[in-house]
Amino acid sequence: MDSIVQPAATEQPSASRDRLVLTVYTAAIFVSALLLFSVQPLFTKMVLPRLGGSPAVWSVAMVFFQSLLLAGYAYAHLLMQVKNRTVPVAVHLVLLMAAFATLPLGIASAYGEPPASGYAFWLLGLFVVSIGLPFFALAANNPLLQAWFVRTGHPAGHDPYFLYASSNIGSFLALLSYPFLLEPVFTLHTQNRLWTAGYGLLILLIAVCGVLLLRSPTLPVVDARIEDVNAPAPAFLTRLRWIFLAAVPSGLLIAVTAHISTDVAAAPLLWVLPLSLYLLTWVVVFQSRPLLPHKWMLMLQPVAIAGVIVLLAFGGEQNLLLTLGGHQLCFFVIAMACHGELARTRPAAKYLTGFYVALSFGGMVGGLFAGLVAPFTFSWIAEYPILIALAALCRPAANERLAGIVKWYWLALAALAVALVVPSITTGGLSTWFEDHRVWVAGSVGVLAALLALALNAGRWKIFATVVLALALIRIYPADEGRVTTVRSFFGVHKIVVTPGGYFHVLMHGTTIHGAERFRNNDGTQVAGRPEPITYYHKDGGIGQAVSAIRERKGTPLKVAAIGVGSGTLACAADPGEDWKFFEIDQSMVDAARDPKNFRYISSCMPDMKPVIGDARLTFAKEAGGAYDLIIVDAYSSDAIPIHLATEEAMKIYKDKLAPHGAVVMHVSNRHLDLETVVVGIADANDLKSWVFNEDSGRDGDYIFSTDVVISAREEADIGRLAASKSWEQTEADDRVRVWTDDYSNILGALYRRLRDGE
């Protein structure tokens, strides 16, 4: 392997020595992976409050992690080009010790408050400065330790890829344990201390690995067998194929995570589920005898692609379990097929580090596309269907069956495309039929792609083209009725839907209506005058009643703070002479709400509105104490919640800004999470009493919805007539539910309570 003189004290091969080498290296790789992937949800959760709890924080975090993985793998590849064994061991141990000196984890002091724009690049800088060194050192461990293992002369060294499975088992367990064990039980501070202790243990394990390497003998016969010196170097096209096969599932990981987290919460629970499945695929495919054979996954892959097409065609007509389970099951199968191809085409151990560099580069490319390029390029979530289509190209080359029939496929597909697309540019019954049966139309084309793969073993380009047609049909015949305009920013994609006939303009985020305005009366005439607040803000709803009661109790014009602008509905809840101040993190949302073509609330009721832009935890904290009669917290995008606005510390800020008899109103309507218990708990921790409003309006057809609202105040008298109302129930804190703080939250518990209560 090399001709350098090794240390005099070497250990000759023996069964006991081989067991020791295997045990120590496996343990070191396992612990390294455990730390590498537990730091991702841990540190990202620390960062979330800086940018409103936006799910995009996780997307940017994944770009950072994948980029650092590439850097770590490249460092390992270069380090192992050194012929002297001592140098790589010494250099890496010095790097690990330097990284350990920067612990425990913490956000760099220079990154206190986010800028007005350029959030993604600001976040990348924060990650690099705050945890760049320890993560870089961890990222290098997997390929580096495998390369060391090859050079120990262990009998299994000729094919060390089984250690990659061990690494991913550690990663998988780390991620799976986070939402189910670490997050519900430990505070962020405790998690940080445990992680730091684990890092110290890892340094000791790697030091032992280094000693075992340095004491290993150099036996030419063994070296020749292990290095497989006659194995040819991978071709350039093969390396490009590796990059592509790694990029597609990596990008899909971010895309599917964003898709499912939009409607629940920007929380580690939903991030780690797809990432755990992603890592599980690596565990399975690099086993010597995979539990799920690669040929099975190749057969299931087109079925999974068709499954995603059907799920996307259904749009918002899904329940939580279908959204979480369906998309992730399909993602798992697609990733298994891609990663199985990588495992099938892996090179000899001699080229191991270069192979890992290609994998990590592909991972970074996929992450950059889905996490940074797509949000700036598309006004809608186009990256998900694009990557689903590209997944068809990850299939290996095929020998097509029934070649005489298949050769006419391109002509048949073109005719089918014309027949299905032309009705979209016409009016009449046919176009309406396609819109009403969009799921069947797009789903049938998706199933056609699956049948092509399974029955005819068609080439990947034919399957790709068919999938593209199916996905295009979903876009051509959208689920939303009426005219749709999309507005995309770092904080998500908002849809402004004009319903058929122009009766309502509706603001949607994900699948949740976030505001609406009536533009036409039932007889078709234009609505004139001051717009009436509807959706969750109608005068008879929880928020409307709270505003009215506090106004009546005070008897003079109110001073109100409203966190969240949305469609601007609350602008028309203000009475003349009142002082309402709005706080909003997303400038694009303000711009959309200001445009009278979209909504007229702001232009009609508060044309001089100047919202304070930025995360409310940072901006609202700067307000004068004791200033507001009423604080309305309505900052939730879709059903995803910014957790840092629902903690004990957040409620303390709200309380400090209240006038002596003021009240805090929190809008907690949510399909998936029980937030009433959370808000009552954080209010009680601040010595505030709480009343809960939960009433179905029965007027959904008029876009007047039922609302869940919690009002908290120091005394019963502070909320006026609400205290005696049968619609408002005074609620005590549940001692069984741990109070959420900036250091602790439990999304899994909130999800469980909602499912348990059957709501």
# chains A, B, ... in the order shown; residues from 1 in each chain; ligands from 1
>>> select_by_dssp(residues="range 472-710 of chain A", states="helix (DSSP H, G or I)", output="short mmCIF file (atom, residue, chain, number, x, y, z; two decimals) with C-alpha atoms, in the first residue's frame")
data_model
loop_
_atom_site.label_atom_id
_atom_site.label_comp_id
_atom_site.auth_asym_id
_atom_site.auth_seq_id
_atom_site.Cartn_x
_atom_site.Cartn_y
_atom_site.Cartn_z
CA ALA A 472 -48.05 19.56 -15.90
CA LEU A 473 -51.74 18.58 -15.88
CA ILE A 474 -51.87 19.21 -12.12
CA ARG A 475 -50.60 22.72 -12.76
CA ILE A 476 -52.84 23.27 -15.79
CA PRO A 500 -65.46 31.96 -9.54
CA GLY A 501 -67.55 35.01 -10.29
CA GLY A 502 -65.19 37.19 -8.24
CA GLY A 542 -63.65 35.14 19.20
CA ILE A 543 -61.32 37.93 18.09
CA GLY A 544 -64.21 40.24 17.15
CA GLN A 545 -65.90 39.70 20.53
CA ALA A 546 -62.63 40.29 22.39
CA VAL A 547 -61.97 43.61 20.61
CA SER A 548 -65.55 44.75 21.25
CA ALA A 549 -65.50 43.75 24.94
CA ILE A 550 -62.17 45.46 25.71
CA ARG A 551 -63.34 48.59 23.87
CA GLU A 552 -66.59 48.59 25.85
CA ARG A 553 -64.78 48.06 29.15
CA LYS A 554 -62.33 50.89 28.57
CA THR A 569 -58.52 42.20 7.88
CA LEU A 570 -57.88 43.58 11.37
CA ALA A 571 -57.32 47.05 9.90
CA CYS A 572 -61.11 47.26 9.57
CA ALA A 573 -61.66 46.11 13.15
CA GLN A 587 -42.71 42.30 3.69
CA SER A 588 -44.14 40.46 0.67
CA MET A 589 -47.28 39.74 2.68
CA VAL A 590 -47.67 43.43 3.51
CA ASP A 591 -47.22 44.37 -0.14
CA ALA A 592 -49.86 41.84 -1.23
CA ALA A 593 -52.35 43.02 1.41
CA ARG A 594 -51.83 46.69 0.48
CA TYR A 601 -58.98 46.24 4.06
CA ILE A 602 -55.81 48.32 4.41
CA SER A 603 -56.51 50.76 1.56
CA SER A 604 -60.06 51.41 2.85
CA CYS A 605 -59.60 51.36 6.63
CA ALA A 616 -42.17 40.05 16.62
CA ARG A 617 -40.15 38.55 19.47
CA LEU A 618 -37.39 41.02 18.60
CA THR A 619 -39.35 44.03 17.38
CA PHE A 620 -42.25 43.94 19.84
CA ALA A 621 -39.85 43.60 22.76
CA LYS A 622 -38.62 47.12 21.95
CA ILE A 643 -43.21 28.15 18.52
CA HIS A 644 -41.22 31.03 20.00
CA LEU A 645 -44.38 33.19 20.03
CA GLU A 648 -43.55 31.50 28.77
CA GLU A 649 -40.94 34.11 27.86
CA ALA A 650 -43.03 35.37 24.93
CA MET A 651 -46.07 35.76 27.16
CA LYS A 652 -43.96 37.70 29.65
CA ILE A 653 -43.10 40.18 26.88
CA TYR A 654 -46.79 40.54 26.02
CA LYS A 655 -47.69 41.04 29.68
CA ASP A 656 -44.98 43.67 30.16
CA LYS A 657 -46.39 45.68 27.25
CA GLU A 676 -55.22 26.05 23.81
CA THR A 677 -53.53 24.04 26.57
CA VAL A 678 -50.17 25.52 25.62
CA VAL A 679 -51.37 29.14 25.77
CA VAL A 680 -53.28 28.66 29.02
CA GLY A 681 -50.12 27.13 30.50
CA ILE A 682 -47.78 29.96 29.49
CA ALA A 683 -50.34 32.52 30.72
CA ASP A 684 -50.64 30.78 34.08
CA ASP A 700 -68.26 28.51 6.20
CA GLY A 701 -69.98 29.17 2.86
CA ASP A 702 -69.75 32.90 3.60
#
>>> closest_residue(among="A:Ala414, A:Val668, A:Val308, A:Val128", to="Val692 in chain A", atoms="only C-alpha atoms")
A:Val668
>>> residues_around(residues="range 111-125 of chain A", least_positions_apart="6", cutoff="12 Å", atoms="only C-alpha atoms", output="PyMOL selection string")
chain A and resi 44+47-52+54-68+131-132+368+371-373+375-376+489-491+584-588+612-619
>>> closest_residue(among="A:Ala207, A:Ile405, A:Val272, A:Leu181", to="Met97 in chain A", atoms="only C-alpha atoms")
A:Ala207
>>> closest_residue(among="A:Tyr351, A:Pro274, A:Val21, A:Phe37", to="Ala231 in chain A", atoms="only C-alpha atoms")
A:Tyr351
>>> atom_distance(atom1="CA of Ala246 in chain A", atom2="CA of Gly366 in chain A")
7.6 Å
>>> decode(residues="range 668-724 of chain A", atoms="C-alpha atoms", output="PDB file, in the first residue's frame")
ATOM      1  CA  VAL A 668     -54.936  29.282  18.215  1.00  0.00           C
ATOM      2  CA  SER A 669     -57.178  27.712  15.541  1.00  0.00           C
ATOM      3  CA  ASN A 670     -55.249  24.683  14.315  1.00  0.00           C
ATOM      4  CA  ARG A 671     -56.257  21.440  12.645  1.00  0.00           C
ATOM      5  CA  HIS A 672     -53.378  19.376  13.981  1.00  0.00           C
ATOM      6  CA  LEU A 673     -52.111  20.786  17.293  1.00  0.00           C
ATOM      7  CA  ASP A 674     -53.756  21.461  20.627  1.00  0.00           C
ATOM      8  CA  LEU A 675     -52.527  24.985  21.338  1.00  0.00           C
ATOM      9  CA  GLU A 676     -55.222  26.046  23.808  1.00  0.00           C
ATOM     10  CA  THR A 677     -53.535  24.036  26.568  1.00  0.00           C
ATOM     11  CA  VAL A 678     -50.168  25.523  25.617  1.00  0.00           C
ATOM     12  CA  VAL A 679     -51.375  29.143  25.770  1.00  0.00           C
ATOM     13  CA  VAL A 680     -53.284  28.658  29.022  1.00  0.00           C
ATOM     14  CA  GLY A 681     -50.121  27.133  30.500  1.00  0.00           C
ATOM     15  CA  ILE A 682     -47.784  29.964  29.492  1.00  0.00           C
ATOM     16  CA  ALA A 683     -50.339  32.517  30.716  1.00  0.00           C
ATOM     17  CA  ASP A 684     -50.642  30.784  34.077  1.00  0.00           C
ATOM     18  CA  ALA A 685     -46.846  30.751  34.394  1.00  0.00           C
ATOM     19  CA  ASN A 686     -47.035  34.561  34.119  1.00  0.00           C
ATOM     20  CA  ASP A 687     -49.859  34.842  36.709  1.00  0.00           C
ATOM     21  CA  LEU A 688     -52.513  35.549  34.067  1.00  0.00           C
ATOM     22  CA  LYS A 689     -56.002  34.064  33.986  1.00  0.00           C
ATOM     23  CA  SER A 690     -57.322  32.643  30.725  1.00  0.00           C
ATOM     24  CA  TRP A 691     -60.672  32.176  28.984  1.00  0.00           C
ATOM     25  CA  VAL A 692     -61.129  29.980  25.918  1.00  0.00           C
ATOM     26  CA  PHE A 693     -63.546  30.599  23.037  1.00  0.00           C
ATOM     27  CA  ASN A 694     -64.299  27.699  20.702  1.00  0.00           C
ATOM     28  CA  GLU A 695     -67.425  27.999  18.614  1.00  0.00           C
ATOM     29  CA  ASP A 696     -68.493  26.859  15.165  1.00  0.00           C
ATOM     30  CA  SER A 697     -70.042  29.684  13.169  1.00  0.00           C
ATOM     31  CA  GLY A 698     -71.865  27.372  10.770  1.00  0.00           C
ATOM     32  CA  ARG A 699     -71.244  29.956   8.038  1.00  0.00           C
ATOM     33  CA  ASP A 700     -68.257  28.510   6.196  1.00  0.00           C
ATOM     34  CA  GLY A 701     -69.984  29.173   2.856  1.00  0.00           C
ATOM     35  CA  ASP A 702     -69.747  32.900   3.597  1.00  0.00           C
ATOM     36  CA  TYR A 703     -66.096  32.541   4.641  1.00  0.00           C
ATOM     37  CA  ILE A 704     -66.978  33.120   8.294  1.00  0.00           C
ATOM     38  CA  PHE A 705     -65.184  30.383  10.206  1.00  0.00           C
ATOM     39  CA  SER A 706     -65.179  28.871  13.633  1.00  0.00           C
ATOM     40  CA  THR A 707     -62.274  30.071  15.758  1.00  0.00           C
ATOM     41  CA  ASP A 708     -60.261  28.931  18.740  1.00  0.00           C
ATOM     42  CA  VAL A 709     -59.185  31.953  20.761  1.00  0.00           C
ATOM     43  CA  VAL A 710     -57.617  32.360  24.193  1.00  0.00           C
ATOM     44  CA  ILE A 711     -57.804  35.675  26.045  1.00  0.00           C
ATOM     45  CA  SER A 712     -55.515  36.181  29.044  1.00  0.00           C
ATOM     46  CA  ALA A 713     -55.594  38.992  31.582  1.00  0.00           C
ATOM     47  CA  ARG A 714     -54.551  39.796  35.136  1.00  0.00           C
ATOM     48  CA  GLU A 715     -58.089  39.954  36.538  1.00  0.00           C
ATOM     49  CA  GLU A 716     -61.572  38.875  35.491  1.00  0.00           C
ATOM     50  CA  ALA A 717     -62.742  42.486  35.313  1.00  0.00           C
ATOM     51  CA  ASP A 718     -60.108  43.252  32.650  1.00  0.00           C
ATOM     52  CA  ILE A 719     -62.000  41.325  29.960  1.00  0.00           C
ATOM     53  CA  GLY A 720     -65.361  42.981  30.659  1.00  0.00           C
ATOM     54  CA  ARG A 721     -68.510  41.143  29.623  1.00  0.00           C
ATOM     55  CA  LEU A 722     -66.574  38.157  28.267  1.00  0.00           C
ATOM     56  CA  ALA A 723     -66.130  36.874  31.817  1.00  0.00           C
ATOM     57  CA  ALA A 724     -69.884  36.309  32.099  1.00  0.00           C
TER      58      ALA A 724
END
